[in-house]
file structure03.cif (mmCIF, C-alpha atoms)
data_target
#
loop_
_atom_site.label_atom_id
_atom_site.label_comp_id
_atom_site.auth_asym_id
_atom_site.auth_seq_id
_atom_site.Cartn_x
_atom_site.Cartn_y
_atom_site.Cartn_z
CA MET A 1 -38.82 -18.78 63.12
CA ALA A 2 -38.62 -15.00 63.22
CA ALA A 3 -42.22 -14.71 64.41
CA GLN A 4 -41.84 -17.58 66.85
CA SER A 5 -38.94 -15.86 68.60
CA MET A 6 -41.30 -12.98 69.43
CA ALA A 7 -44.08 -15.18 70.84
CA ILE A 8 -44.48 -15.26 74.61
CA THR A 9 -47.17 -17.88 75.33
CA ALA A 10 -47.30 -21.48 74.16
CA ARG A 11 -50.42 -20.72 72.10
CA ALA A 12 -48.73 -17.78 70.37
CA LYS A 13 -45.66 -19.93 69.66
CA ALA A 14 -47.82 -22.64 68.12
CA LEU A 15 -49.73 -20.12 65.99
CA SER A 16 -46.55 -18.40 64.86
CA LEU A 17 -45.26 -21.74 63.62
CA LEU A 18 -48.54 -23.06 62.23
CA LEU A 19 -49.70 -20.04 60.21
CA PRO A 20 -46.61 -19.77 57.95
CA LEU A 21 -46.72 -23.53 57.36
CA VAL A 22 -50.39 -23.35 56.33
CA GLY A 23 -49.59 -20.39 54.07
CA ALA A 24 -46.67 -22.23 52.50
CA ALA A 25 -48.76 -25.34 51.94
CA SER A 26 -51.58 -23.40 50.27
CA VAL A 27 -49.13 -21.49 48.04
CA PHE A 28 -47.36 -24.73 47.13
CA LEU A 29 -50.62 -26.46 46.28
CA SER A 30 -51.88 -23.56 44.18
CA THR A 31 -48.54 -23.32 42.37
CA THR A 32 -48.36 -27.03 41.55
CA SER A 33 -51.98 -27.13 40.37
CA ASN A 34 -51.31 -24.43 37.75
CA GLU A 35 -49.48 -26.45 35.12
CA GLY A 36 -47.29 -24.38 32.83
CA GLU A 37 -47.93 -21.10 34.63
CA GLU A 38 -45.33 -19.09 36.48
CA ALA A 39 -44.79 -19.71 40.15
CA THR A 40 -45.71 -16.12 41.05
CA PRO A 41 -47.55 -16.97 44.31
CA LEU A 42 -44.54 -18.95 45.49
CA MET A 43 -42.14 -16.13 44.62
CA LEU A 44 -44.33 -13.61 46.45
CA TYR A 45 -44.57 -15.86 49.50
CA VAL A 46 -40.80 -16.25 49.60
CA ALA A 47 -40.24 -12.52 49.13
CA ILE A 48 -42.65 -11.61 51.93
CA THR A 49 -41.37 -14.20 54.41
CA LEU A 50 -37.75 -13.29 53.74
CA SER A 51 -38.64 -9.60 54.04
CA LEU A 52 -40.27 -10.11 57.41
CA THR A 53 -37.32 -12.19 58.59
CA LEU A 54 -34.84 -9.54 57.48
CA ALA A 55 -36.92 -6.83 59.18
CA ARG A 56 -36.86 -8.97 62.34
CA VAL A 57 -33.06 -9.07 62.17
CA ILE A 58 -32.78 -5.32 61.55
CA PHE A 59 -35.03 -4.45 64.49
CA ALA A 60 -33.74 -7.22 66.80
CA LYS A 61 -32.46 -4.82 69.48
CA ASN A 62 -35.82 -3.06 69.83
CA ILE A 63 -37.76 -6.34 69.74
CA ARG A 64 -35.47 -7.86 72.38
CA ARG A 65 -36.07 -4.85 74.66
CA GLN A 66 -39.84 -5.17 74.22
CA LEU A 67 -39.74 -8.91 74.96
CA ASP A 68 -37.63 -8.33 78.06
CA LEU A 69 -40.22 -5.85 79.31
CA LYS A 70 -43.05 -8.30 78.64
CA ARG A 71 -41.25 -11.21 80.31
CA SER A 72 -40.51 -9.10 83.40
CA GLY A 73 -44.22 -8.37 83.79
CA LYS A 74 -44.02 -4.75 82.67
CA PRO A 75 -46.12 -3.42 79.80
CA MET A 76 -44.50 -3.16 76.40
CA GLU A 77 -43.71 0.33 75.14
CA GLU A 78 -46.15 1.75 72.60
CA MET A 79 -44.76 2.21 69.11
CA THR A 80 -44.53 5.87 68.17
CA GLY A 81 -45.56 7.25 64.80
CA PRO A 82 -41.96 7.75 63.61
CA GLN A 83 -41.00 4.23 64.73
CA ALA A 84 -43.94 2.76 62.78
CA ALA A 85 -43.00 4.83 59.74
CA VAL A 86 -39.37 3.66 59.87
CA PHE A 87 -40.49 0.03 60.20
CA LEU A 88 -42.97 0.24 57.32
CA LEU A 89 -40.50 2.07 55.05
CA THR A 90 -37.80 -0.48 55.86
CA LEU A 91 -40.17 -3.37 55.17
CA ALA A 92 -41.31 -1.79 51.89
CA ALA A 93 -37.69 -1.24 50.81
CA ILE A 94 -36.81 -4.85 51.59
CA ILE A 95 -39.83 -6.17 49.68
CA ALA A 96 -39.05 -3.91 46.70
CA ALA A 97 -35.42 -5.04 46.65
CA MET A 98 -36.41 -8.70 46.80
CA ALA A 99 -39.04 -8.24 44.10
CA ALA A 100 -36.39 -6.72 41.84
CA PHE A 101 -34.28 -9.86 42.19
CA LEU A 102 -37.15 -12.29 41.62
#
call {"tool": "encode", "arguments": {"input": "structure03.cif", "output": "structure tokens"}}
result
Amino acid sequence: MAAQSMAITARAKALSLLLPLVGAASVFLSTTSNEGEEATPLMLYVAITLSLTLARVIFAKNIRRQLDLKRSGKPMEEMTGPQAAVFLLTLAAIIAAMAAFL
């Protein structure tokens, strides 16, 4: 849902919904086929999807501004190096925190 809220076109909305579902299905199938083994792929999938969703919430104001620009026909602003670094560090911190709890 987090990725779908950022999609502009109908094709992008469909892909943003379809790709996580395909990923979830493949992780589920690989987890259920490994009898007696830990559900590590499932835990990683959950950690990554929750991390991306939380990052989406944290950066909602910036994403909303970018989407408003795109919808008004103006080009989106380019991400600067410091902005990319802050996003990646935030995402890494979220993933590390979730991994600690799994």
call {"tool": "closest_residue", "arguments": {"input": "structure03.cif", "among": "A:Leu69, A:Ala85, A:Met79, A:Leu54", "to": "Ile8 of chain A", "atoms": "only C-alpha atoms"}}
result
A:Leu69
call {"tool": "closest_residue", "arguments": {"input": "structure03.cif", "among": "A:Val86, A:Ala96, A:Ala24, A:Leu19", "to": "Phe59 of chain A", "atoms": "only C-alpha atoms"}}
result
A:Val86
call {"tool": "atom_distance", "arguments": {"input": "structure03.cif", "atom1": "atom CA of Tyr45 of chain A", "atom2": "atom CA of Gly23 of chain A"}}
result
8.2 Å
call {"tool": "atom_distance", "arguments": {"input": "structure03.cif", "atom1": "atom CA of Val46 of chain A", "atom2": "atom CA of Pro20 of chain A"}}
result
10.8 Å
call {"tool": "atom_distance", "arguments": {"input": "structure03.cif", "atom1": "atom CA of Ser16 of chain A", "atom2": "atom CA of Thr49 of chain A"}}
result
12.4 Å
call {"tool": "closest_residue", "arguments": {"input": "structure03.cif", "among": "A:Thr80, A:Pro75, A:Leu42, A:Val57", "to": "Ser30 of chain A", "atoms": "all atoms listed in the file"}}
result
A:Leu42
call {"tool": "residues_around", "arguments": {"input": "structure03.cif", "residues": "segment 62-64 of chain A", "least_positions_apart": "3", "cutoff": "12 Å", "atoms": "only C-alpha atoms", "output": "list in words"}}
result
Ala2, Ala3, Ser5, Met6, Ala7, Ile8, Ala55, Arg56, Val57, Ile58, Phe59, Leu67, Asp68, Leu69, Lys70, Arg71, Met76, Glu77, Glu78, Met79, Gln83 and Phe87 of chain A
call {"tool": "write_last_selection", "arguments": {"input": "structure03.cif", "atoms": "C-alpha atoms", "output": "mmCIF file, in the coordinates of the input"}}
result
data_model
loop_
_atom_site.group_PDB
_atom_site.id
_atom_site.type_symbol
_atom_site.label_atom_id
_atom_site.label_comp_id
_atom_site.auth_asym_id
_atom_site.auth_seq_id
_atom_site.Cartn_x
_atom_site.Cartn_y
_atom_site.Cartn_z
ATOM 1 C CA ALA A 2 -38.620 -15.000 63.220
ATOM 2 C CA ALA A 3 -42.220 -14.710 64.410
ATOM 3 C CA SER A 5 -38.940 -15.860 68.600
ATOM 4 C CA MET A 6 -41.300 -12.980 69.430
ATOM 5 C CA ALA A 7 -44.080 -15.180 70.840
ATOM 6 C CA ILE A 8 -44.480 -15.260 74.610
ATOM 7 C CA ALA A 55 -36.920 -6.830 59.180
ATOM 8 C CA ARG A 56 -36.860 -8.970 62.340
ATOM 9 C CA VAL A 57 -33.060 -9.070 62.170
ATOM 10 C CA ILE A 58 -32.780 -5.320 61.550
ATOM 11 C CA PHE A 59 -35.030 -4.450 64.490
ATOM 12 C CA LEU A 67 -39.740 -8.910 74.960
ATOM 13 C CA ASP A 68 -37.630 -8.330 78.060
ATOM 14 C CA LEU A 69 -40.220 -5.850 79.310
ATOM 15 C CA LYS A 70 -43.050 -8.300 78.640
ATOM 16 C CA ARG A 71 -41.250 -11.210 80.310
ATOM 17 C CA MET A 76 -44.500 -3.160 76.400
ATOM 18 C CA GLU A 77 -43.710 0.330 75.140
ATOM 19 C CA GLU A 78 -46.150 1.750 72.600
ATOM 20 C CA MET A 79 -44.760 2.210 69.110
ATOM 21 C CA GLN A 83 -41.000 4.230 64.730
ATOM 22 C CA PHE A 87 -40.490 0.030 60.200
#
call {"tool": "closest_atom_pairs", "arguments": {"input": "structure03.cif", "of": "segment 8-76 of chain A", "to": "segment 97-102 of chain A", "cutoff": "8 Å", "atoms": "all atoms listed in the file", "output": "CSV"}}
result
residue,atom,partner,partner_atom,distance
A:Met43,CA,A:Leu102,CA,7.0
A:Leu44,CA,A:Ala99,CA,7.9
A:Ala47,CA,A:Met98,CA,5.9
A:Ser51,CA,A:Met98,CA,7.6
call {"tool": "write_last_selection", "arguments": {"input": "structure03.cif", "atoms": "C-alpha atoms", "output": "PDB file, in the coordinates of the input"}}
result
ATOM      1  CA  MET A  43     -42.140 -16.130  44.620  1.00  0.00           C
ATOM      2  CA  LEU A  44     -44.330 -13.610  46.450  1.00  0.00           C
ATOM      3  CA  ALA A  47     -40.240 -12.520  49.130  1.00  0.00           C
ATOM      4  CA  SER A  51     -38.640  -9.600  54.040  1.00  0.00           C
TER       5      SER A  51
END
